[in-house]
Amino acid sequence: MRNSQEDPIFIVDDDQGILESFDVMLGDDYHLIMIDNGTEAIQKIGDQNPRLLFLDIRIPGRNGLEVLANLREKGIDTQVVVVTALAQDHHQETADKYGVYKYLHKPLDVDEIQEIARTLLN
């Protein structure tokens with residue numbers, strides 16, 4: 001079984017403050033790979049097939065839902081947690097269609113983020 005340091009968590013968000021928050025929440029216990037645009041995310045996630053991805057919807061390049069659709073079309077079964085400030089039902093419905101693990105609204109809850117990582121990676 002792989003340990004948490006061997007399993008990178010991908011964080012895809014263009015907000016530097018959110019990336020820093022994830023570093024504070026998870027950086028001591030997990031290897032984090034942070035990406036700030038959808039086009040790069042598709043390439044890197046496809047190359048590494050991580051077990052966990054925190055994905056924002058509004059990102060440059062391909063948006064989060066396009067990233068999610070692309071990963072599923074390629075057969076990549078990464079557990080995806082959508083994190084968004086957008087409270088739009090059609091986004092959540094689309095995310096659910098692609099089998100997201102959770103759909104979270106910003107601001108993020110530290111305990112919830114840490115529990116998700118523990119549950120999925122340990």
# chains A, B, ... in the order shown; residues from 1 in each chain; ligands from 1
$ select_by_dssp --residues "chain A" --states "helix (DSSP H, G or I)" --output "PDB file with C-alpha atoms, in the first residue's frame"
ATOM      1  CA  GLN A  16      -3.032  31.815  -5.142  1.00  0.00           C
ATOM      2  CA  GLY A  17      -4.728  32.246  -1.769  1.00  0.00           C
ATOM      3  CA  ILE A  18      -6.602  28.956  -2.194  1.00  0.00           C
ATOM      4  CA  LEU A  19      -3.406  27.167  -3.200  1.00  0.00           C
ATOM      5  CA  GLU A  20      -1.684  28.551  -0.102  1.00  0.00           C
ATOM      6  CA  SER A  21      -4.639  27.420   2.023  1.00  0.00           C
ATOM      7  CA  PHE A  22      -4.312  23.871   0.701  1.00  0.00           C
ATOM      8  CA  ASP A  23      -0.595  23.983   1.476  1.00  0.00           C
ATOM      9  CA  VAL A  24      -1.392  24.951   5.083  1.00  0.00           C
ATOM     10  CA  MET A  25      -4.185  22.349   5.384  1.00  0.00           C
ATOM     11  CA  LEU A  26      -2.423  19.395   3.752  1.00  0.00           C
ATOM     12  CA  GLY A  38      -7.137  23.473 -16.870  1.00  0.00           C
ATOM     13  CA  THR A  39      -5.019  22.767 -19.928  1.00  0.00           C
ATOM     14  CA  GLU A  40      -1.947  21.950 -17.834  1.00  0.00           C
ATOM     15  CA  ALA A  41      -4.107  19.977 -15.392  1.00  0.00           C
ATOM     16  CA  ILE A  42      -5.357  17.640 -18.129  1.00  0.00           C
ATOM     17  CA  GLN A  43      -1.812  16.882 -19.238  1.00  0.00           C
ATOM     18  CA  LYS A  44      -0.297  16.351 -15.787  1.00  0.00           C
ATOM     19  CA  ILE A  45      -3.212  14.411 -14.338  1.00  0.00           C
ATOM     20  CA  GLY A  46      -3.290  12.175 -17.399  1.00  0.00           C
ATOM     21  CA  ASP A  47       0.412  11.467 -16.950  1.00  0.00           C
ATOM     22  CA  GLN A  48       0.174  10.631 -13.236  1.00  0.00           C
ATOM     23  CA  GLY A  64     -12.952  22.550 -14.282  1.00  0.00           C
ATOM     24  CA  LEU A  65     -15.954  20.780 -15.767  1.00  0.00           C
ATOM     25  CA  GLU A  66     -14.108  20.380 -19.075  1.00  0.00           C
ATOM     26  CA  VAL A  67     -11.129  18.971 -17.173  1.00  0.00           C
ATOM     27  CA  LEU A  68     -13.403  16.533 -15.382  1.00  0.00           C
ATOM     28  CA  ALA A  69     -15.117  15.443 -18.611  1.00  0.00           C
ATOM     29  CA  ASN A  70     -11.753  14.961 -20.327  1.00  0.00           C
ATOM     30  CA  LEU A  71     -10.388  12.810 -17.501  1.00  0.00           C
ATOM     31  CA  ARG A  72     -13.458  10.577 -17.475  1.00  0.00           C
ATOM     32  CA  GLU A  73     -13.394  10.243 -21.280  1.00  0.00           C
ATOM     33  CA  ASP A  89     -27.105  23.801  -9.762  1.00  0.00           C
ATOM     34  CA  HIS A  90     -26.221  22.945 -13.359  1.00  0.00           C
ATOM     35  CA  HIS A  91     -22.513  22.862 -12.454  1.00  0.00           C
ATOM     36  CA  GLN A  92     -23.194  20.462  -9.606  1.00  0.00           C
ATOM     37  CA  GLU A  93     -25.414  18.297 -11.828  1.00  0.00           C
ATOM     38  CA  THR A  94     -22.662  18.094 -14.459  1.00  0.00           C
ATOM     39  CA  ALA A  95     -20.059  17.279 -11.808  1.00  0.00           C
ATOM     40  CA  ASP A  96     -22.303  14.587 -10.340  1.00  0.00           C
ATOM     41  CA  LYS A  97     -22.787  13.094 -13.813  1.00  0.00           C
ATOM     42  CA  VAL A 110     -10.189  22.770   7.068  1.00  0.00           C
ATOM     43  CA  ASP A 111     -11.481  19.731   8.950  1.00  0.00           C
ATOM     44  CA  GLU A 112     -13.546  18.587   5.967  1.00  0.00           C
ATOM     45  CA  ILE A 113     -10.601  18.898   3.550  1.00  0.00           C
ATOM     46  CA  GLN A 114      -8.311  16.973   5.905  1.00  0.00           C
ATOM     47  CA  GLU A 115     -10.945  14.270   6.459  1.00  0.00           C
ATOM     48  CA  ILE A 116     -11.421  13.814   2.705  1.00  0.00           C
ATOM     49  CA  ALA A 117      -7.675  13.365   2.209  1.00  0.00           C
ATOM     50  CA  ARG A 118      -7.426  10.910   5.131  1.00  0.00           C
ATOM     51  CA  THR A 119     -10.424   8.909   3.941  1.00  0.00           C
ATOM     52  CA  LEU A 120      -9.294   8.610   0.328  1.00  0.00           C
ATOM     53  CA  LEU A 121      -5.549   8.206   0.762  1.00  0.00           C
TER      54      LEU A 121
END
$ atom_distance --atom1 "CA of Val82 (chain A)" --atom2 "CA of Asp13 (chain A)"
10.3 Å
$ residues_around --residues "Lys106 (chain A)" --least-positions-apart "3" --cutoff "8 Å" --atoms "only C-alpha atoms" --output "mmCIF file with C-alpha atoms, in the first residue's frame"
data_model
loop_
_atom_site.group_PDB
_atom_site.id
_atom_site.type_symbol
_atom_site.label_atom_id
_atom_site.label_comp_id
_atom_site.auth_asym_id
_atom_site.auth_seq_id
_atom_site.Cartn_x
_atom_site.Cartn_y
_atom_site.Cartn_z
ATOM 1 C CA VAL A 83 -14.270 23.292 -4.864
ATOM 2 C CA THR A 84 -16.048 26.377 -6.090
ATOM 3 C CA ALA A 85 -17.400 29.764 -5.166
#
$ closest_residue --among "A:Leu108, A:Ile9, A:Val80, A:Ala87" --to "Pro50 (chain A)" --atoms "only C-alpha atoms"
A:Ile9
$ atom_distance --atom1 "CA of Val12 (chain A)" --atom2 "CA of Asn37 (chain A)"
6.7 Å
$ select_by_dssp --residues "chain A" --states "strand (DSSP E or B)" --output "NGL selection string"
:A and (9-12 or 32-35 or 52-55 or 79-84 or 102-105)
$ closest_residue --among "A:Leu55, A:Leu86, A:Val81, A:Ile11" --to "His31 (chain A)" --atoms "only C-alpha atoms"
A:Ile11
$ atom_distance --atom1 "CA of Ile35 (chain A)" --atom2 "CA of His105 (chain A)"
19.2 Å
